[in-house]
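Asker: run-v5.txt is reproduced in full below (compact mmCIF, C-alpha atoms and all ligand atoms).
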# COMPACT_ATOMS: atom_id res chain seq x y z
CA MET A 159 -52.75 151.49 60.48
CA ILE A 160 -50.91 148.26 61.21
CA ILE A 161 -49.64 148.29 64.81
CA ARG A 162 -46.07 146.99 64.77
CA GLU A 163 -45.52 148.06 68.38
CA LYS A 164 -47.90 149.76 70.78
CA GLU A 165 -45.40 151.39 73.13
CA PRO A 166 -43.36 153.06 71.84
CA ALA A 167 -45.73 153.71 68.93
CA ASN A 168 -44.65 152.07 65.68
CA LEU A 169 -47.41 152.20 63.09
CA GLU A 170 -47.35 151.23 59.45
CA MET A 171 -49.57 152.40 56.63
CA PRO A 172 -51.14 149.44 54.80
CA PHE A 173 -49.39 150.25 51.51
CA ALA A 174 -52.30 148.89 49.45
CA ASN A 175 -54.17 152.01 50.65
CA LEU A 176 -51.81 154.27 48.69
CA ASP A 177 -54.16 156.89 47.27
CA GLY A 178 -52.62 160.00 45.79
CA PHE A 179 -49.37 161.87 45.87
CA ILE A 180 -49.72 163.20 49.44
CA THR A 181 -50.02 160.80 52.38
CA PRO A 182 -52.63 162.15 54.83
CA ASN A 183 -51.27 162.77 58.35
CA GLU A 184 -53.46 160.04 59.92
CA GLN A 185 -52.04 157.50 57.46
CA PHE A 186 -48.40 158.51 57.66
CA TYR A 187 -46.30 155.77 59.30
CA VAL A 188 -44.98 156.42 62.81
CA ARG A 189 -41.53 155.29 63.94
CA CYS A 190 -40.55 155.95 67.56
CA HIS A 191 -37.63 154.63 69.61
CA PHE A 192 -38.90 156.04 72.91
CA PRO A 193 -42.27 157.18 74.24
CA ILE A 194 -43.59 160.29 72.50
CA PRO A 195 -42.54 163.27 74.68
CA GLU A 196 -45.37 165.52 75.83
CA ILE A 197 -44.32 169.01 74.89
CA GLU A 198 -46.19 172.30 75.35
CA ALA A 199 -45.19 174.80 72.65
CA ARG A 200 -45.22 177.50 75.36
CA ASP A 201 -42.53 175.83 77.49
CA TRP A 202 -40.40 174.51 74.66
CA ARG A 203 -37.17 176.09 73.37
CA LEU A 204 -34.82 175.18 70.53
CA LYS A 205 -31.23 175.52 71.74
CA VAL A 206 -28.42 176.26 69.29
CA GLU A 207 -24.99 175.66 70.80
CA GLY A 208 -21.47 174.28 70.32
CA ALA A 209 -19.03 175.70 67.77
CA VAL A 210 -21.02 178.88 67.11
CA GLU A 211 -20.26 182.57 67.69
CA HIS A 212 -23.57 183.26 69.44
CA PRO A 213 -25.29 180.34 71.16
CA PHE A 214 -29.00 181.17 71.49
CA GLU A 215 -32.49 179.82 72.01
CA LEU A 216 -35.64 180.15 69.93
CA ALA A 217 -39.21 179.94 71.18
CA TYR A 218 -41.97 178.35 69.10
CA ASN A 219 -43.57 181.67 68.16
CA GLU A 220 -40.17 183.07 67.20
CA ILE A 221 -39.62 180.23 64.77
CA THR A 222 -43.08 180.45 63.21
CA ARG A 223 -42.47 184.18 62.64
CA MET A 224 -39.26 183.55 60.65
CA LYS A 225 -39.17 183.28 56.86
CA THR A 226 -40.86 179.98 56.03
CA ARG A 227 -40.69 177.66 53.10
CA THR A 228 -42.74 174.65 52.06
CA ILE A 229 -41.30 171.53 50.46
CA THR A 230 -42.63 168.12 49.55
CA ALA A 231 -40.47 165.25 50.75
CA THR A 232 -40.75 161.49 50.96
CA LEU A 233 -39.63 159.88 54.22
CA GLU A 234 -38.70 156.22 54.14
CA CYS A 235 -37.60 154.36 57.25
CA ALA A 236 -34.25 152.69 56.60
CA GLY A 237 -35.81 149.44 57.87
CA ASN A 238 -38.83 149.58 55.55
CA SER A 239 -39.51 146.17 53.87
CA ARG A 240 -37.49 144.25 56.46
CA VAL A 241 -40.08 141.46 56.47
CA PHE A 242 -38.83 140.54 52.97
CA LEU A 243 -35.33 139.64 54.21
CA VAL A 244 -34.43 135.95 54.11
CA PRO A 245 -33.36 134.62 56.54
CA LYS A 246 -35.38 136.69 59.01
CA VAL A 247 -33.50 139.41 60.90
CA LYS A 248 -34.12 141.24 64.16
CA GLY A 249 -35.98 144.55 64.15
CA THR A 250 -39.47 145.80 63.42
CA GLN A 251 -40.92 143.65 60.64
CA TRP A 252 -42.04 146.47 58.34
CA GLU A 253 -43.76 145.44 55.14
CA LEU A 254 -44.09 148.16 52.45
CA GLY A 255 -45.69 151.01 54.37
CA ALA A 256 -42.90 152.57 56.45
CA VAL A 257 -42.78 155.30 53.80
CA GLY A 258 -44.89 158.38 53.11
CA ASN A 259 -44.87 161.64 51.24
CA ALA A 260 -45.96 164.93 52.81
CA GLU A 261 -45.74 168.66 52.43
CA TRP A 262 -43.60 170.21 55.16
CA THR A 263 -43.54 173.87 56.17
CA GLY A 264 -40.85 175.40 58.33
CA VAL A 265 -37.62 177.35 58.38
CA ALA A 266 -34.31 176.54 56.74
CA LEU A 267 -31.77 175.03 59.14
CA ALA A 268 -29.24 177.24 57.31
CA ASP A 269 -31.08 180.39 58.49
CA VAL A 270 -30.90 179.24 62.12
CA LEU A 271 -27.21 178.29 61.78
CA ASN A 272 -26.39 181.62 60.12
CA GLN A 273 -28.08 183.43 62.98
CA ALA A 274 -25.78 181.59 65.40
CA GLY A 275 -22.73 182.04 63.18
CA MET A 276 -20.87 178.76 62.74
CA LYS A 277 -17.19 178.85 63.65
CA ASP A 278 -14.74 178.27 60.77
CA ASN A 279 -13.69 174.84 61.98
CA ALA A 280 -17.27 173.58 62.37
CA CYS A 281 -17.67 170.28 60.60
CA GLU A 282 -20.96 168.70 61.64
CA VAL A 283 -24.34 169.68 63.04
CA ILE A 284 -25.93 167.33 65.57
CA LEU A 285 -29.71 167.34 65.83
CA GLU A 286 -31.08 166.02 69.13
CA GLY A 287 -34.66 165.09 70.01
CA ALA A 288 -36.35 165.59 73.37
CA ASP A 289 -37.19 161.86 73.56
CA ASN A 290 -34.83 159.63 75.51
CA GLY A 291 -34.44 156.31 77.26
CA ALA A 292 -32.14 153.40 77.93
CA ILE A 293 -31.11 151.07 75.10
CA PRO A 294 -32.44 147.58 75.96
CA GLU A 295 -29.63 145.44 74.53
CA PRO A 296 -25.85 145.66 74.39
CA PRO A 297 -23.74 147.08 72.91
CA ARG A 298 -25.14 150.17 74.58
CA PRO A 299 -23.98 153.22 76.48
CA ALA A 300 -24.76 153.47 80.21
CA GLY A 301 -27.93 155.25 81.24
CA LYS A 302 -30.39 157.13 79.09
CA ILE A 303 -29.64 158.67 75.74
CA HIS A 304 -31.53 161.01 73.44
CA PHE A 305 -32.37 160.17 69.86
CA ALA A 306 -29.80 162.19 67.91
CA ARG A 307 -27.95 162.23 64.60
CA SER A 308 -25.43 164.43 62.87
CA LEU A 309 -25.30 165.98 59.42
CA PRO A 310 -22.21 167.13 57.58
CA LYS A 311 -22.07 170.94 57.52
CA ALA A 312 -22.64 171.03 53.74
CA LYS A 313 -25.91 169.09 53.99
CA ALA A 314 -27.06 171.10 57.02
CA MET A 315 -26.50 174.35 55.08
CA ASP A 316 -28.08 173.01 51.90
CA ASP A 317 -31.73 171.93 52.01
CA VAL A 318 -32.57 170.77 55.55
CA LEU A 319 -35.87 172.12 56.85
CA LEU A 320 -37.00 172.58 60.46
CA ALA A 321 -40.69 171.86 60.01
CA PHE A 322 -43.59 172.87 62.26
CA LYS A 323 -46.36 172.00 59.78
CA MET A 324 -47.21 168.74 58.04
CA ASN A 325 -49.67 168.93 55.16
CA GLY A 326 -50.79 172.36 56.34
CA GLU A 327 -51.58 171.28 59.91
CA PRO A 328 -49.47 171.83 63.03
CA LEU A 329 -47.04 168.92 63.29
CA PRO A 330 -48.90 166.02 65.03
CA ALA A 331 -47.36 164.82 68.32
CA ALA A 332 -46.35 161.45 66.81
CA HIS A 333 -44.52 163.21 63.99
CA GLY A 334 -42.44 165.50 66.18
CA PHE A 335 -44.47 168.41 67.60
CA PRO A 336 -43.47 171.18 67.94
CA LEU A 337 -40.53 170.99 65.53
CA ARG A 338 -38.77 168.32 63.48
CA ALA A 339 -36.02 168.20 60.91
CA ILE A 340 -36.73 167.12 57.36
CA VAL A 341 -33.55 165.93 55.64
CA PRO A 342 -34.53 165.60 51.96
CA GLY A 343 -33.21 162.55 50.15
CA TRP A 344 -31.95 160.81 53.29
CA TYR A 345 -33.48 157.83 55.04
CA ALA A 346 -35.86 159.16 57.65
CA MET A 347 -33.77 158.36 60.76
CA ALA A 348 -32.00 161.65 59.97
CA SER A 349 -35.24 163.65 60.19
CA ILE A 350 -35.11 164.18 63.96
CA LYS A 351 -38.50 164.68 65.64
CA TRP A 352 -39.19 166.75 68.81
CA LEU A 353 -36.06 168.72 67.99
CA GLU A 354 -34.70 170.44 71.08
CA ARG A 355 -30.99 170.94 70.61
CA ILE A 356 -28.73 171.77 67.67
CA ILE A 357 -25.06 171.25 68.50
CA VAL A 358 -22.42 172.41 66.03
CA THR A 359 -19.27 170.31 66.39
CA GLU A 360 -15.65 170.54 65.33
CA LYS A 361 -15.25 166.83 64.89
CA VAL A 362 -17.20 163.94 63.40
CA PHE A 363 -19.95 162.71 65.72
CA ASN A 364 -20.03 158.99 66.43
CA GLY A 365 -23.29 158.67 68.35
CA TYR A 366 -25.27 155.50 68.94
CA TYR A 367 -27.77 156.06 66.12
CA GLN A 368 -25.10 156.36 63.45
CA SER A 369 -22.53 153.82 64.63
CA ILE A 370 -24.08 150.92 66.53
CA ASP A 371 -27.49 151.50 64.93
CA TYR A 372 -28.34 152.94 61.49
CA ALA A 373 -24.91 152.17 60.04
CA HIS A 374 -23.87 149.89 57.19
CA TRP A 375 -20.70 148.39 55.74
CA GLN A 376 -18.94 150.14 52.94
CA GLN A 377 -16.26 148.34 50.93
CA SER A 378 -12.97 150.06 50.26
CA GLU A 379 -9.38 149.13 49.46
CA ALA A 380 -8.60 149.24 53.15
CA GLY A 381 -11.38 146.72 53.83
CA PRO A 382 -15.01 147.15 54.83
CA ALA A 383 -15.76 150.07 57.15
CA LEU A 384 -18.91 150.88 59.10
CA VAL A 385 -20.45 154.19 57.96
CA PRO A 386 -23.65 155.99 58.96
CA ILE A 387 -26.70 155.41 56.75
CA THR A 388 -27.46 158.54 54.75
CA GLU A 389 -29.10 158.76 51.30
CA MET A 390 -32.11 156.76 50.18
CA GLN A 391 -31.50 154.18 47.50
CA VAL A 392 -33.59 154.09 44.33
CA LYS A 393 -36.69 151.97 44.93
CA ALA A 394 -40.12 151.19 43.50
CA GLU A 395 -42.85 149.54 45.54
CA ILE A 396 -46.03 147.87 44.37
CA ALA A 397 -49.11 149.01 46.31
CA ARG A 398 -51.71 147.04 44.36
CA PRO A 399 -52.06 144.13 44.07
CA GLY A 400 -51.19 143.48 47.69
CA ILE A 401 -49.25 140.50 49.00
CA ASN A 402 -51.27 137.29 48.46
CA GLU A 403 -54.17 139.16 46.86
CA VAL A 404 -56.47 137.07 44.68
CA VAL A 405 -56.84 138.60 41.21
CA ARG A 406 -59.34 137.55 38.56
CA ALA A 407 -58.05 135.43 35.67
CA GLY A 408 -58.42 136.89 32.17
CA SER A 409 -59.10 140.40 33.43
CA SER A 410 -57.53 143.82 33.33
CA TYR A 411 -55.94 144.84 36.64
CA LEU A 412 -54.54 148.31 37.37
CA VAL A 413 -51.18 147.71 39.07
CA ALA A 414 -50.19 150.81 41.07
CA GLY A 415 -47.28 151.94 43.18
CA ALA A 416 -44.70 154.59 43.96
CA ALA A 417 -40.98 155.05 43.28
CA TRP A 418 -38.36 157.33 44.80
CA THR A 419 -34.64 158.07 44.88
CA SER A 420 -32.23 160.72 46.22
CA ARG A 421 -30.52 163.64 44.47
CA SER A 422 -32.17 162.65 41.21
CA GLU A 423 -35.48 161.89 39.51
CA ILE A 424 -37.12 158.62 38.58
CA ALA A 425 -36.30 157.92 34.92
CA LYS A 426 -38.39 154.76 34.55
CA VAL A 427 -40.11 152.00 36.45
CA GLU A 428 -40.36 148.51 34.98
CA LEU A 429 -42.73 145.77 36.04
CA SER A 430 -42.47 142.02 35.73
CA THR A 431 -45.52 139.82 36.32
CA ASP A 432 -43.65 136.55 35.85
CA GLY A 433 -41.01 136.59 38.56
CA GLY A 434 -38.47 138.66 36.63
CA ALA A 435 -38.32 136.90 33.23
CA MET A 436 -39.98 139.69 31.21
CA TRP A 437 -40.15 143.41 32.04
CA GLN A 438 -42.42 146.17 30.74
CA VAL A 439 -42.13 149.90 31.29
CA VAL A 440 -44.97 151.40 33.37
CA ARG A 441 -46.68 154.82 33.14
CA LEU A 442 -45.28 157.49 35.46
CA ILE A 443 -48.04 159.72 36.83
CA ASP A 444 -47.54 163.51 36.78
CA GLN A 445 -44.30 165.46 36.60
CA PRO A 446 -41.44 164.62 38.97
CA VAL A 447 -41.23 166.69 42.18
CA LYS A 448 -37.80 167.05 43.76
CA ASN A 449 -37.30 164.81 46.84
CA ALA A 450 -40.80 163.35 46.50
CA TRP A 451 -41.94 159.98 45.30
CA GLN A 452 -43.48 159.47 41.90
CA LEU A 453 -46.64 157.44 41.49
CA TRP A 454 -46.93 154.96 38.64
CA GLU A 455 -49.45 152.48 37.19
CA PHE A 456 -49.71 149.68 34.67
CA ASP A 457 -52.64 147.91 32.99
CA TRP A 458 -52.00 144.24 33.57
CA LYS A 459 -53.82 141.69 31.41
CA THR A 460 -53.94 138.86 33.91
CA PRO A 461 -53.34 135.27 32.70
CA SER A 462 -56.44 133.43 31.48
CA GLU A 463 -55.49 130.32 33.50
CA SER A 464 -55.54 130.03 37.28
CA GLY A 465 -52.17 129.94 39.01
CA HIS A 466 -49.63 132.02 40.89
CA CYS A 467 -47.79 135.13 39.71
CA SER A 468 -44.86 136.92 41.25
CA LEU A 469 -44.84 140.65 40.52
CA LEU A 470 -41.64 142.72 40.73
CA ALA A 471 -41.03 146.42 40.19
CA ARG A 472 -37.68 147.96 39.28
CA ALA A 473 -36.95 151.69 39.29
CA SER A 474 -34.09 153.54 37.58
CA ASP A 475 -33.16 157.16 38.17
CA VAL A 476 -31.77 159.90 35.94
CA ARG A 477 -28.31 159.46 37.46
CA GLY A 478 -28.28 155.94 36.06
CA ARG A 479 -28.86 153.97 39.26
CA THR A 480 -31.14 150.94 38.99
CA GLN A 481 -32.79 148.96 41.74
CA PRO A 482 -30.83 145.70 42.18
CA ASP A 483 -32.53 142.32 41.95
CA LYS A 484 -30.48 140.90 44.86
CA ARG A 485 -30.05 142.01 48.41
CA ASP A 486 -26.77 143.78 49.24
CA ALA A 487 -25.57 141.93 52.36
CA ASP A 488 -23.43 144.93 53.41
CA HIS A 489 -26.65 146.80 54.11
CA GLY A 490 -27.32 144.63 57.19
CA THR A 491 -30.91 145.03 58.33
CA TYR A 492 -31.38 148.40 56.58
CA MET A 493 -31.58 150.02 53.10
CA ILE A 494 -33.77 147.30 51.66
CA ASN A 495 -34.15 148.31 48.02
CA HIS A 496 -33.80 145.17 45.95
CA SER A 497 -36.90 144.28 43.89
CA LEU A 498 -39.45 142.77 46.28
CA PRO A 499 -41.63 139.90 45.06
CA ILE A 500 -45.38 140.43 45.44
CA ASP A 501 -46.92 136.98 45.06
CA VAL A 502 -50.57 136.84 44.04
CA GLU A 503 -53.06 134.14 43.17
CA VAL A 504 -54.80 134.26 39.79
CA ARG A 505 -58.18 132.60 39.93
N1 LIG B 1 -36.47 162.29 68.08
C1 LIG B 1 -36.69 161.25 67.26
N2 LIG B 1 -36.62 161.46 65.94
C2 LIG B 1 -36.83 160.44 65.08
C3 LIG B 1 -37.08 159.13 65.55
C4 LIG B 1 -37.17 158.94 66.95
O1 LIG B 1 -37.43 157.84 67.46
N3 LIG B 1 -36.96 160.02 67.78
N4 LIG B 1 -37.22 158.10 64.65
C5 LIG B 1 -36.58 158.31 63.34
C6 LIG B 1 -36.91 157.28 62.37
S1 LIG B 1 -36.03 155.84 62.46
C7 LIG B 1 -37.82 157.50 61.37
S2 LIG B 1 -38.08 156.33 60.19
C8 LIG B 1 -38.58 158.77 61.29
C9 LIG B 1 -40.06 158.50 61.27
O2 LIG B 1 -40.79 159.69 61.15
P1 LIG B 1 -42.37 159.60 61.32
O3 LIG B 1 -42.69 158.89 62.59
O4 LIG B 1 -42.87 161.00 61.28
O5 LIG B 1 -42.88 158.83 60.12
O6 LIG B 1 -38.30 159.64 62.37
C10 LIG B 1 -36.95 159.67 62.77
N5 LIG B 1 -36.78 160.70 63.75
MO MO B 2 -36.59 154.54 60.62
Written as structure tokens, that's how I'd like the structure from this file.
Answerer:
Amino acid sequence: MIIREKEPANLEMPFANLDGFITPNEQFYVRCHFPIPEIEARDWRLKVEGAVEHPFELAYNEITRMKTRTITATLECAGNSRVFLVPKVKGTQWELGAVGNAEWTGVALADVLNQAGMKDNACEVILEGADNGAIPEPPRPAGKIHFARSLPKAKAMDDVLLAFKMNGEPLPAAHGFPLRAIVPGWYAMASIKWLERIIVTEKVFNGYYQSIDYAHWQQSEAGPALVPITEMQVKAEIARPGINEVVRAGSSYLVAGAAWTSRSEIAKVELSTDGGAMWQVVRLIDQPVKNAWQLWEFDWKTPSESGHCSLLARASDVRGRTQPDKRDADHGTYMINHSLPIDVEVR
């Protein structure tokens, strides 16, 4: 793993190591805002409170005894690929590997909410982690805050999972032990780790991690407005060749990568090996799996002469969205899904 920050732990998977549909737990990127809380399953409780008929608590062994389901879902950090932004911006300089795909087992958030009975005027569900700390730079609230985010009621009742297993193993500490949310199709800041409190609210939540941080500008007739980051944008990434790799002239090179989107499937991925002048359609590997990335590959006949090549991938989904070739400046330092140039040397 590439260490982007030691404390709190921020680890990136070297994306050139992409090997198969499922990302092994030890290779799954880690994104933490605060130190990883040390939690004993025995002492831990999940609290469900706010605009509900029956506030209650669940112990770990009560949750694992509920009806479980297993889903595959890709998590991408909203700041993934930030190192590609020109000019440079503040924030962790993720390359391509703040993304991974795993199998998650847990209980439906809807089952827990139904058990509590949401009041009629409930509008959002806030998920709060056990981790907390002070924000280093203004604008910031006074004192310590918890990592927390809200979901609209409809999303919370739809397909959100409270997961206690990752790829068949108990959730590792770095990935949210004992329980984390998995919010399919959304950037991963919504998938709250070390989940401790679920608060049903009657009005829209405007917490730090969806207003000051993890928000973006949205244009409208009334002018641009700041809105929380939600759904992942369609995106393909090239795993191999890697950035600045030397590839052999006049050879056959297997270009490989992954592509993902939200509320849709990947329709096609195109590849350019000449900086975007010509595009060819690549092979998609296996059938699409809902909310999971799709692997792809392409046999590249490398140029016979030495020189430099800039490779670009471009994904389109079934809903008709295509990866843009230019950065959307309204996305700030997040949602980086324009085609990213992978420059290589042919020798
Ligand atoms: N409680 C808590 N949940 C969190 C975070 C966090 O710092 N604290 N980071 C979020 C962000 S920004 C990302 S990208 C994902 C990363 O999940 P992972 O570390 O399992 O890859 O967790 C999200 N959930
Ligand atoms: Mo993130």
Asker: Can you tell me, as a JSON list (two decimals) with C-alpha atoms, in the frame of the given file, which residues sit within 6 Å of (-43.3, 170.4, 57.7) in the file's frame, using only C-alpha atoms?
Answerer:
[["chain", "number", "residue", "atom", "x", "y", "z"],
["A", 262, "TRP", "CA", -43.60, 170.21, 55.16],
["A", 263, "THR", "CA", -43.54, 173.87, 56.17],
["A", 264, "GLY", "CA", -40.85, 175.40, 58.33],
["A", 321, "ALA", "CA", -40.69, 171.86, 60.01],
["A", 322, "PHE", "CA", -43.59, 172.87, 62.26],
["A", 323, "LYS", "CA", -46.36, 172.00, 59.78],
["A", 324, "MET", "CA", -47.21, 168.74, 58.04]]
Asker: Go ahead and compute the interatomic distance for CA of Pro213 (chain A) and CA of Arg227 (chain A), in Å to one decimal.
Answerer: 23.9 Å
Asker: Kindly give the distance, in Å, that separates CA of Ile424 (chain A) and CA of Val404 (chain A), rounded to a single decimal.
Answerer: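 Taking CA of Ile424 (chain A) and CA of Val404 (chain A), their separation equals 29.6 Å.
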Asker: What do you get as number ranges by chain if you pick all residues at most 6 Å from ligand LIG 1 (chain B), counting all atoms listed in the file?
Answerer: A: 187-192, 235, 287, 289, 305, 333, 346-347, 349-352
Asker: Determine the nearest neighbour of ligand MO 2 (chain B) from the options A:Ser462, A:Thr419, A:Ser308, A:Thr491, counting only C-alpha atoms and all ligand atoms.
Answerer: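 When distances to ligand MO 2 (chain B) are compared using only C-alpha atoms and all ligand atoms, the smallest one comes from A:Thr491.
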Asker: For the atom pair CA of Ile161 (chain A) and CA of Ile229 (chain A), what is the interatomic distance in Å to one decimal place?
Answerer: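 Computing it gives 28.6 Å between the two atoms.
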Asker: Residues within 12 Å of region 270-279 of chain A, please, as an mmCIF file with C-alpha atoms, in the frame of the given file. Count all atoms listed in the file; anything in the same chain fewer than 3 positions from it doesn't count.
Answerer:
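Saved the output as around-v4.cif:
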data_model
loop_
_atom_site.group_PDB
_atom_site.id
_atom_site.type_symbol
_atom_site.label_atom_id
_atom_site.label_comp_id
_atom_site.auth_asym_id
_atom_site.auth_seq_id
_atom_site.Cartn_x
_atom_site.Cartn_y
_atom_site.Cartn_z
ATOM 1 C CA LEU A 204 -34.820 175.180 70.530
ATOM 2 C CA LYS A 205 -31.230 175.520 71.740
ATOM 3 C CA VAL A 206 -28.420 176.260 69.290
ATOM 4 C CA GLU A 207 -24.990 175.660 70.800
ATOM 5 C CA GLY A 208 -21.470 174.280 70.320
ATOM 6 C CA ALA A 209 -19.030 175.700 67.770
ATOM 7 C CA VAL A 210 -21.020 178.880 67.110
ATOM 8 C CA GLU A 211 -20.260 182.570 67.690
ATOM 9 C CA HIS A 212 -23.570 183.260 69.440
ATOM 10 C CA PRO A 213 -25.290 180.340 71.160
ATOM 11 C CA PHE A 214 -29.000 181.170 71.490
ATOM 12 C CA GLU A 215 -32.490 179.820 72.010
ATOM 13 C CA LEU A 216 -35.640 180.150 69.930
ATOM 14 C CA GLU A 220 -40.170 183.070 67.200
ATOM 15 C CA ILE A 221 -39.620 180.230 64.770
ATOM 16 C CA MET A 224 -39.260 183.550 60.650
ATOM 17 C CA LYS A 225 -39.170 183.280 56.860
ATOM 18 C CA THR A 226 -40.860 179.980 56.030
ATOM 19 C CA GLY A 264 -40.850 175.400 58.330
ATOM 20 C CA VAL A 265 -37.620 177.350 58.380
ATOM 21 C CA ALA A 266 -34.310 176.540 56.740
ATOM 22 C CA LEU A 267 -31.770 175.030 59.140
ATOM 23 C CA GLU A 282 -20.960 168.700 61.640
ATOM 24 C CA VAL A 283 -24.340 169.680 63.040
ATOM 25 C CA ILE A 284 -25.930 167.330 65.570
ATOM 26 C CA LEU A 285 -29.710 167.340 65.830
ATOM 27 C CA LYS A 311 -22.070 170.940 57.520
ATOM 28 C CA ALA A 312 -22.640 171.030 53.740
ATOM 29 C CA ALA A 314 -27.060 171.100 57.020
ATOM 30 C CA MET A 315 -26.500 174.350 55.080
ATOM 31 C CA ASP A 316 -28.080 173.010 51.900
ATOM 32 C CA VAL A 318 -32.570 170.770 55.550
ATOM 33 C CA LEU A 319 -35.870 172.120 56.850
ATOM 34 C CA LEU A 320 -37.000 172.580 60.460
ATOM 35 C CA ARG A 355 -30.990 170.940 70.610
ATOM 36 C CA ILE A 356 -28.730 171.770 67.670
ATOM 37 C CA ILE A 357 -25.060 171.250 68.500
ATOM 38 C CA VAL A 358 -22.420 172.410 66.030
ATOM 39 C CA THR A 359 -19.270 170.310 66.390
ATOM 40 C CA GLU A 360 -15.650 170.540 65.330
ATOM 41 C CA LYS A 361 -15.250 166.830 64.890
ATOM 42 C CA VAL A 362 -17.200 163.940 63.400
#
Asker: What residues of the protein or nucleic acid chains come within 12 Å of ligand MO 2 (chain B) when you use all atoms listed in the file? Reply as a PyMOL selection string.
Answerer: chain A and resi 168-170+187-191+233-240+249-252+255-258+305+344-351+367-368+371-373+387-388+390+491-494
Asker: Select, from A:Arg398, A:Lys459, A:Lys484, A:Arg406, the residue with the minimum atom-to-atom distance to Gly434 (chain A), counting all atoms listed in the file.
Answerer: A:Lys484
Asker: Name the closest residue to His466 (chain A) among the candidates A:Leu353, A:Val502, A:Ala487, A:Ala231; distances are taken between atoms, counting all atoms listed in the file.
Answerer: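 For His466 (chain A), the nearest of the given residues is A:Val502.
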Asker: So which one's closest to Gly326 (chain A), A:Pro182, A:Pro294, A:Pro172, A:Pro310? Using only C-alpha atoms, please.
Answerer: A:Pro182
Asker: Can you list, as a PDB file with C-alpha atoms, keeping the file's coordinate frame, every protein, DNA or RNA residue that comes within 9 Å of Ala473 (chain A) when you count all atoms listed in the file, leaving out same-chain residues fewer than 3 positions away?
Answerer:
ATOM      1  CA  VAL A 392     -33.590 154.090  44.330  1.00  0.00           C
ATOM      2  CA  LYS A 393     -36.690 151.970  44.930  1.00  0.00           C
ATOM      3  CA  ALA A 394     -40.120 151.190  43.500  1.00  0.00           C
ATOM      4  CA  GLU A 395     -42.850 149.540  45.540  1.00  0.00           C
ATOM      5  CA  ALA A 417     -40.980 155.050  43.280  1.00  0.00           C
ATOM      6  CA  TRP A 418     -38.360 157.330  44.800  1.00  0.00           C
ATOM      7  CA  THR A 419     -34.640 158.070  44.880  1.00  0.00           C
ATOM      8  CA  ILE A 424     -37.120 158.620  38.580  1.00  0.00           C
ATOM      9  CA  ALA A 425     -36.300 157.920  34.920  1.00  0.00           C
ATOM     10  CA  LYS A 426     -38.390 154.760  34.550  1.00  0.00           C
ATOM     11  CA  VAL A 427     -40.110 152.000  36.450  1.00  0.00           C
ATOM     12  CA  GLU A 428     -40.360 148.510  34.980  1.00  0.00           C
ATOM     13  CA  LEU A 429     -42.730 145.770  36.040  1.00  0.00           C
ATOM     14  CA  ARG A 479     -28.860 153.970  39.260  1.00  0.00           C
ATOM     15  CA  THR A 480     -31.140 150.940  38.990  1.00  0.00           C
ATOM     16  CA  GLN A 481     -32.790 148.960  41.740  1.00  0.00           C
ATOM     17  CA  SER A 497     -36.900 144.280  43.890  1.00  0.00           C
TER      18      SER A 497
END
Asker: Between A:Ile370, A:Leu412, A:Ile194, A:Leu254, which residue has the minimum interatomic distance to Asn290 (chain A), considering only C-alpha atoms?
Answerer: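 The answer is A:Ile194, which sits nearest to Asn290 (chain A).
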Asker: What box, with edges along x, y and z, holds each listed atom of region 303-322 of chain A when 8 Å is added on every side, and can you state its centre and edge lengths in Å to one decimal, as lines of an AutoDock Vina configuration file?
Answerer:
center_x = -32.8
center_y = 166.5
center_z = 63.8
size_x = 37.5
size_y = 31.7
size_z = 39.8
Asker: Near Phe179 (chain A), counting all atoms listed in the file, which residues have an atom at most 8 Å away, once you skip same-chain residues fewer than 5 positions from it, shown as a compact mmCIF listing (two decimals) with C-alpha atoms, keeping the file's coordinate frame?
Answerer:
# COMPACT_ATOMS: atom_id res chain seq x y z
CA ASN A 259 -44.87 161.64 51.24
CA TRP A 451 -41.94 159.98 45.30
CA GLN A 452 -43.48 159.47 41.90
CA LEU A 453 -46.64 157.44 41.49
Asker: Show me, as a ChimeraX atom specification, the residues that have an atom within 7 Å of Pro499 (chain A) when counting all atoms listed in the file, minus same-chain residues fewer than 4 positions from it.
Answerer: /A:468-470
